[in-house]
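Peer 1: Structure file work-v9.cif (mmCIF, C-alpha atoms (C1' of nucleotides)) right here:
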data_coords
#
loop_
_atom_site.group_PDB
_atom_site.id
_atom_site.type_symbol
_atom_site.label_atom_id
_atom_site.label_comp_id
_atom_site.auth_asym_id
_atom_site.auth_seq_id
_atom_site.Cartn_x
_atom_site.Cartn_y
_atom_site.Cartn_z
ATOM 1 C CA MET A 1073 232.117 301.237 153.727
ATOM 2 C CA LYS A 1074 235.667 302.145 153.059
ATOM 3 C CA ASN A 1075 237.638 302.385 149.916
ATOM 4 C CA LEU A 1076 239.639 299.313 149.145
ATOM 5 C CA ASP A 1077 242.906 298.911 147.295
ATOM 6 C CA PRO A 1078 242.488 300.850 144.079
ATOM 7 C CA SER A 1079 242.589 304.392 145.278
ATOM 8 C CA PHE A 1080 239.968 306.725 143.995
ATOM 9 C CA ASN A 1081 242.497 308.134 141.594
ATOM 10 C CA GLU A 1082 243.211 304.758 140.053
ATOM 11 C CA LYS A 1083 239.532 304.191 139.406
ATOM 12 C CA CYS A 1084 239.228 307.558 137.760
ATOM 13 C CA TYR A 1085 242.168 306.855 135.517
ATOM 14 C CA ALA A 1086 240.717 303.497 134.535
ATOM 15 C CA LEU A 1087 237.504 305.154 133.446
ATOM 16 C CA LEU A 1088 239.310 307.878 131.586
ATOM 17 C CA GLN A 1089 241.121 305.358 129.461
ATOM 18 C CA LYS A 1090 237.740 304.077 128.304
ATOM 19 C CA ILE A 1091 236.821 307.387 126.764
ATOM 20 C CA PRO A 1092 237.234 307.206 122.986
ATOM 21 C CA GLN A 1093 238.744 310.012 120.985
ATOM 22 C CA GLY A 1094 236.321 312.744 120.064
ATOM 23 C CA LYS A 1095 234.193 312.097 123.120
ATOM 24 C CA VAL A 1096 234.230 313.780 126.489
ATOM 25 C CA THR A 1097 232.726 313.303 129.905
ATOM 26 C CA THR A 1098 232.188 315.318 133.031
ATOM 27 C CA TYR A 1099 233.648 315.148 136.499
ATOM 28 C CA LYS A 1100 230.222 314.453 137.842
ATOM 29 C CA LYS A 1101 229.591 311.514 135.519
ATOM 30 C CA ILE A 1102 232.847 309.966 136.537
ATOM 31 C CA ALA A 1103 231.908 310.229 140.165
ATOM 32 C CA LYS A 1104 228.527 308.811 139.302
ATOM 33 C CA ALA A 1105 230.116 305.880 137.529
ATOM 34 C CA LEU A 1106 232.047 305.223 140.711
ATOM 35 C CA ASN A 1107 228.867 305.442 142.727
ATOM 36 C CA THR A 1108 229.993 308.427 144.692
ATOM 37 C CA LYS A 1109 229.496 312.157 144.857
ATOM 38 C CA ALA A 1110 233.129 313.069 145.090
ATOM 39 C CA TYR A 1111 233.248 315.271 142.010
ATOM 40 C CA ARG A 1112 235.823 317.307 143.848
ATOM 41 C CA ALA A 1113 238.015 314.325 144.457
ATOM 42 C CA VAL A 1114 237.806 313.473 140.764
ATOM 43 C CA GLY A 1115 239.295 316.821 139.902
ATOM 44 C CA ASN A 1116 241.992 316.224 142.455
ATOM 45 C CA ALA A 1117 242.817 312.928 140.835
ATOM 46 C CA MET A 1118 243.276 314.676 137.505
ATOM 47 C CA ALA A 1119 245.500 317.295 139.046
ATOM 48 C CA LYS A 1120 247.785 314.644 140.411
ATOM 49 C CA ASN A 1121 247.938 312.776 137.157
ATOM 50 C CA ASP A 1122 251.425 312.725 135.723
ATOM 51 C CA GLN A 1123 250.639 310.374 132.839
ATOM 52 C CA LEU A 1124 249.117 312.965 130.567
ATOM 53 C CA MET A 1125 250.156 310.883 127.585
ATOM 54 C CA VAL A 1126 248.462 307.785 128.927
ATOM 55 C CA ILE A 1127 245.446 309.243 130.639
ATOM 56 C CA PRO A 1128 243.254 311.502 128.483
ATOM 57 C CA CYS A 1129 242.247 313.762 131.314
ATOM 58 C CA HIS A 1130 241.775 316.544 128.781
ATOM 59 C CA ARG A 1131 238.529 314.837 127.760
ATOM 60 C CA VAL A 1132 236.984 315.652 131.084
ATOM 61 C CA ILE A 1133 234.965 318.837 131.285
ATOM 62 C CA LYS A 1134 232.497 320.427 133.630
ATOM 63 C CA SER A 1135 228.846 319.439 133.760
ATOM 64 C CA ASN A 1136 227.719 322.883 132.639
ATOM 65 C CA GLY A 1137 229.666 322.539 129.388
ATOM 66 C CA GLU A 1138 232.640 324.657 130.323
ATOM 67 C CA ILE A 1139 236.117 323.402 129.601
ATOM 68 C CA GLY A 1140 237.197 323.454 133.203
ATOM 69 C CA ASN A 1141 240.875 323.359 133.975
ATOM 70 C CA TYR A 1142 243.936 321.457 132.898
ATOM 71 C CA ARG A 1143 247.398 320.640 134.198
ATOM 72 C CA LEU A 1144 249.049 322.280 131.215
ATOM 73 C CA GLY A 1145 246.589 325.130 131.038
ATOM 74 C CA VAL A 1146 243.106 325.595 129.639
ATOM 75 C CA THR A 1147 244.452 326.765 126.291
ATOM 76 C CA GLN A 1148 246.243 323.500 125.783
ATOM 77 C CA LYS A 1149 243.158 321.588 126.783
ATOM 78 C CA LYS A 1150 240.991 323.447 124.288
ATOM 79 C CA ASN A 1151 243.549 322.859 121.608
ATOM 80 C CA LEU A 1152 243.548 319.129 122.211
ATOM 81 C CA LEU A 1153 239.766 318.914 122.219
ATOM 82 C CA GLU A 1154 239.447 320.874 119.008
ATOM 83 C CA LYS A 1155 241.981 318.541 117.512
ATOM 84 C CA GLU A 1156 239.681 315.664 118.376
ATOM 85 C CA GLY A 1157 236.859 317.283 116.477
ATOM 86 C CA LEU A 1158 235.044 319.160 119.192
ATOM 87 C CA VAL A 1159 233.681 322.639 118.705
ATOM 88 C CA ILE A 1160 234.705 325.008 121.441
ATOM 89 C CA LYS A 1161 233.456 328.521 121.831
ATOM 90 C CA ASN A 1162 234.229 330.882 124.683
ATOM 91 C CA ASN A 1163 235.533 328.155 126.943
ATOM 92 C CA ARG A 1164 232.505 326.021 126.284
ATOM 93 C CA VAL A 1165 231.809 322.881 124.314
ATOM 94 C CA GLU A 1166 229.090 323.093 121.698
ATOM 95 C CA HIS A 1167 226.829 320.175 120.846
ATOM 96 C CA LEU A 1168 227.710 318.759 124.201
ATOM 97 C CA SER A 1169 224.991 316.125 124.151
ATOM 98 C CA GLU A 1170 226.480 314.742 120.953
ATOM 99 C CA VAL A 1171 230.040 314.392 122.160
ATOM 100 C CA ILE A 1172 229.350 313.414 125.734
ATOM 101 C CA TYR A 1173 230.363 309.898 126.656
ATOM 102 C CA ARG A 1174 228.353 307.750 129.038
ATOM 103 C CA PHE A 1175 230.199 304.947 130.720
ATOM 104 C CA GLU A 1176 227.545 302.562 129.387
ATOM 105 C CA ASN A 1177 225.667 303.570 132.483
ATOM 106 C "C1'" DG B 1205 243.266 312.104 163.992
ATOM 107 C "C1'" DG B 1206 241.865 316.849 162.707
ATOM 108 C "C1'" DC B 1207 242.201 320.672 159.025
ATOM 109 C "C1'" DG B 1208 242.866 322.794 154.570
ATOM 110 C "C1'" DT B 1209 242.934 322.235 149.617
ATOM 111 C "C1'" DG B 1210 240.966 321.658 144.949
ATOM 112 C "C1'" DA B 1211 240.987 320.587 137.079
ATOM 113 C "C1'" DC B 1212 233.450 320.772 140.928
ATOM 114 C "C1'" DC B 1213 228.160 321.134 141.322
ATOM 115 C "C1'" DC B 1214 223.687 323.188 142.426
ATOM 116 C "C1'" DC B 1215 220.494 326.572 143.799
ATOM 117 C "C1'" DA B 1216 218.883 331.325 144.613
ATOM 118 C "C1'" DT B 1217 219.108 336.044 143.084
ATOM 119 C "C1'" DT C 406 222.401 334.586 131.000
ATOM 120 C "C1'" DA C 407 225.799 335.938 134.806
ATOM 121 C "C1'" DT C 408 227.345 336.038 139.775
ATOM 122 C "C1'" DG C 409 227.567 334.620 144.587
ATOM 123 C "C1'" DG C 410 227.389 331.557 148.275
ATOM 124 C "C1'" DG C 411 227.155 326.942 150.319
ATOM 125 C "C1'" DG C 412 227.914 322.043 150.020
ATOM 126 C "C1'" DC C 413 230.275 317.869 148.649
ATOM 127 C "C1'" DC C 414 234.302 314.125 148.917
ATOM 128 C "C1'" DA C 415 239.040 312.024 148.799
ATOM 129 C "C1'" DC C 416 243.870 313.155 149.678
ATOM 130 C "C1'" DG C 417 248.031 314.990 152.074
ATOM 131 C "C1'" DC C 418 250.205 317.107 155.856
#
Could I get this file's structure written as structure tokens?
Peer 2:
Amino acid sequence: MKNLDPSFNEKCYALLQKIPQGKVTTYKKIAKALNTKAYRAVGNAMAKNDQLMVIPCHRVIKSNGEIGNYRLGVTQKKNLLEKEGLVIKNNRVEHLSEVIYRFEN
DNA sequence: GGCGTGACCCCAT
DNA sequence: TATGGGGCCACGC
């Protein structure tokens, strides 16, 4: 089976826009929601995202609870997350299970 | 059409 | 708990 029109990136972006403020998700969950194991590709999609104002890619963290990376730098990412009410300590999100967002899946 | 890259993940030590 | 090594997939050249 091949990928059709909406490139992988587009699908990722669509999912990201579903994430409410104050909630976060992981690269793996996104891939899972797309029925694939391309966690790597998900990260790539984020890296190529220019619409930082439209696509909340800062709400995507690693599965192990670490912040991960960000186009504008990890510091900026942490700042944004804290602003949304998350508790971050040593590059890690606390109470992860309470702020994690599941794509209704 | 093949190869390297990357905002990752998992397991073993 | 921390570190290292291998595997995974889509994208661009």
Peer 1: May I ask you to extract the residues of chain A within 12 Å of chain C, using all atoms listed in the file, and to give them as a list in words?
Peer 2: Lys1074, Asn1075, Ser1079, Phe1080, Asn1081, Cys1084, Lys1100, Ala1103, Asn1107, Thr1108, Lys1109, Ala1110, Tyr1111, Arg1112, Ala1113, Val1114, Gly1115, Asn1116, Ala1117, Ala1119 and Lys1120 of chain A
Peer 1: Pick out the chain B residues within 7 Å of chain A. Count all atoms listed in the file. Give them as number ranges by chain.
Peer 2: B: 1210-1212
Peer 1: Report, as AutoDock Vina command-line options, the axis-aligned box around all atoms of chain C present in the file, extended by 6 Å on each side; give centre and edge lengths in Å to one decimal place.
Peer 2:
--center_x 236.3 --center_y 324.0 --center_z 143.4 --size_x 39.8 --size_y 36.0 --size_z 36.9
Peer 1: I'd like the interatomic distance between CA of Lys1155 in chain A and CA of Ala1086 in chain A, to a tenth of an Å.
Peer 2: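 A separation of 22.8 Å between them.
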Peer 1: Quick one, how far is CA of Glu1082 in chain A from CA of Arg1131 in chain A?
Peer 2: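 Separation of CA of Glu1082 in chain A and CA of Arg1131 in chain A: 16.6 Å.
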Peer 1: Could you please determine the separation between CA of Met1125 in chain A and CA of Val1159 in chain A in Å, to one decimal place?
Peer 2: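 CA of Val1159 in chain A lies at a distance of 22.1 Å from CA of Met1125 in chain A.
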Peer 1: Output the residue selection produced by the PyMOL selection byres ((chain A and resi 1173) around 9) on the file above, formatted as a ChimeraX atom specification.
Peer 2: /A:1091-1092,1095-1098,1169-1172,1174-1176
Peer 1: Would you mind writing range 1117-1128 of chain A with all heavy atoms, as an mmCIF file, in the frame of the given file?
Peer 2:
data_model
loop_
_atom_site.group_PDB
_atom_site.id
_atom_site.type_symbol
_atom_site.label_atom_id
_atom_site.label_comp_id
_atom_site.auth_asym_id
_atom_site.auth_seq_id
_atom_site.Cartn_x
_atom_site.Cartn_y
_atom_site.Cartn_z
ATOM 1 N N ALA A 1117 242.136 314.056 141.468
ATOM 2 C CA ALA A 1117 242.817 312.928 140.835
ATOM 3 C C ALA A 1117 243.473 313.383 139.532
ATOM 4 O O ALA A 1117 244.608 313.037 139.237
ATOM 5 C CB ALA A 1117 241.814 311.816 140.568
ATOM 6 N N MET A 1118 242.747 314.172 138.773
ATOM 7 C CA MET A 1118 243.276 314.676 137.505
ATOM 8 C C MET A 1118 244.503 315.540 137.752
ATOM 9 O O MET A 1118 245.506 315.449 137.060
ATOM 10 C CB MET A 1118 242.225 315.507 136.781
ATOM 11 C CG MET A 1118 240.919 314.800 136.520
ATOM 12 S SD MET A 1118 241.070 313.349 135.511
ATOM 13 C CE MET A 1118 240.820 312.082 136.740
ATOM 14 N N ALA A 1119 244.400 316.372 138.742
ATOM 15 C CA ALA A 1119 245.500 317.295 139.046
ATOM 16 C C ALA A 1119 246.769 316.563 139.413
ATOM 17 O O ALA A 1119 247.868 317.030 139.148
ATOM 18 C CB ALA A 1119 245.074 318.208 140.183
ATOM 19 N N LYS A 1120 246.614 315.402 139.989
ATOM 20 C CA LYS A 1120 247.785 314.644 140.411
ATOM 21 C C LYS A 1120 248.249 313.662 139.355
ATOM 22 O O LYS A 1120 249.171 312.891 139.578
ATOM 23 C CB LYS A 1120 247.456 313.904 141.703
ATOM 24 C CG LYS A 1120 247.261 314.869 142.832
ATOM 25 C CD LYS A 1120 246.844 314.155 144.096
ATOM 26 C CE LYS A 1120 246.634 315.202 145.179
ATOM 27 N NZ LYS A 1120 246.075 314.612 146.397
ATOM 28 N N ASN A 1121 247.582 313.696 138.231
ATOM 29 C CA ASN A 1121 247.938 312.776 137.157
ATOM 30 C C ASN A 1121 249.193 313.227 136.409
ATOM 31 O O ASN A 1121 249.225 314.295 135.828
ATOM 32 C CB ASN A 1121 246.755 312.693 136.180
ATOM 33 C CG ASN A 1121 247.156 312.017 134.911
ATOM 34 O OD1 ASN A 1121 247.966 311.107 134.931
ATOM 35 N ND2 ASN A 1121 246.586 312.451 133.815
ATOM 36 N N ASP A 1122 250.183 312.404 136.435
ATOM 37 C CA ASP A 1122 251.425 312.725 135.723
ATOM 38 C C ASP A 1122 251.384 312.174 134.305
ATOM 39 O O ASP A 1122 251.991 312.716 133.397
ATOM 40 C CB ASP A 1122 252.628 312.087 136.415
ATOM 41 C CG ASP A 1122 252.626 312.414 137.882
ATOM 42 O OD1 ASP A 1122 251.918 313.337 138.260
ATOM 43 O OD2 ASP A 1122 253.338 311.739 138.613
ATOM 44 N N GLN A 1123 250.664 311.061 134.124
ATOM 45 C CA GLN A 1123 250.639 310.374 132.839
ATOM 46 C C GLN A 1123 249.703 311.032 131.852
ATOM 47 O O GLN A 1123 248.747 310.425 131.393
ATOM 48 C CB GLN A 1123 250.189 308.939 133.053
ATOM 49 C CG GLN A 1123 250.879 308.298 134.218
ATOM 50 C CD GLN A 1123 251.942 307.318 133.772
ATOM 51 O OE1 GLN A 1123 251.847 306.771 132.680
ATOM 52 N NE2 GLN A 1123 252.940 307.095 134.574
ATOM 53 N N LEU A 1124 249.984 312.261 131.506
ATOM 54 C CA LEU A 1124 249.117 312.965 130.567
ATOM 55 C C LEU A 1124 249.057 312.271 129.221
ATOM 56 O O LEU A 1124 248.083 312.382 128.497
ATOM 57 C CB LEU A 1124 249.634 314.394 130.388
ATOM 58 C CG LEU A 1124 249.495 315.251 131.646
ATOM 59 C CD1 LEU A 1124 250.131 316.600 131.411
ATOM 60 C CD2 LEU A 1124 248.048 315.386 132.026
ATOM 61 N N MET A 1125 250.106 311.569 128.873
ATOM 62 C CA MET A 1125 250.156 310.883 127.585
ATOM 63 C C MET A 1125 249.346 309.594 127.620
ATOM 64 O O MET A 1125 248.909 309.099 126.601
ATOM 65 C CB MET A 1125 251.587 310.552 127.211
ATOM 66 C CG MET A 1125 252.480 311.779 127.173
ATOM 67 S SD MET A 1125 251.888 313.075 126.083
ATOM 68 C CE MET A 1125 253.445 313.884 125.724
ATOM 69 N N VAL A 1126 249.183 309.059 128.801
ATOM 70 C CA VAL A 1126 248.462 307.785 128.927
ATOM 71 C C VAL A 1126 247.012 307.994 129.319
ATOM 72 O O VAL A 1126 246.118 307.310 128.848
ATOM 73 C CB VAL A 1126 249.145 306.901 129.988
ATOM 74 C CG1 VAL A 1126 248.423 305.571 130.107
ATOM 75 C CG2 VAL A 1126 250.617 306.712 129.637
ATOM 76 N N ILE A 1127 246.806 308.977 130.164
ATOM 77 C CA ILE A 1127 245.446 309.243 130.639
ATOM 78 C C ILE A 1127 244.881 310.523 130.025
ATOM 79 O O ILE A 1127 245.388 311.600 130.271
ATOM 80 C CB ILE A 1127 245.446 309.353 132.163
ATOM 81 C CG1 ILE A 1127 245.981 308.037 132.726
ATOM 82 C CG2 ILE A 1127 244.058 309.641 132.678
ATOM 83 C CD1 ILE A 1127 246.158 308.066 134.198
ATOM 84 N N PRO A 1128 243.867 310.366 129.201
ATOM 85 C CA PRO A 1128 243.254 311.502 128.483
ATOM 86 C C PRO A 1128 242.407 312.380 129.391
ATOM 87 O O PRO A 1128 241.215 312.538 129.178
ATOM 88 C CB PRO A 1128 242.396 310.820 127.433
ATOM 89 C CG PRO A 1128 241.994 309.530 128.075
ATOM 90 C CD PRO A 1128 243.158 309.116 128.921
#
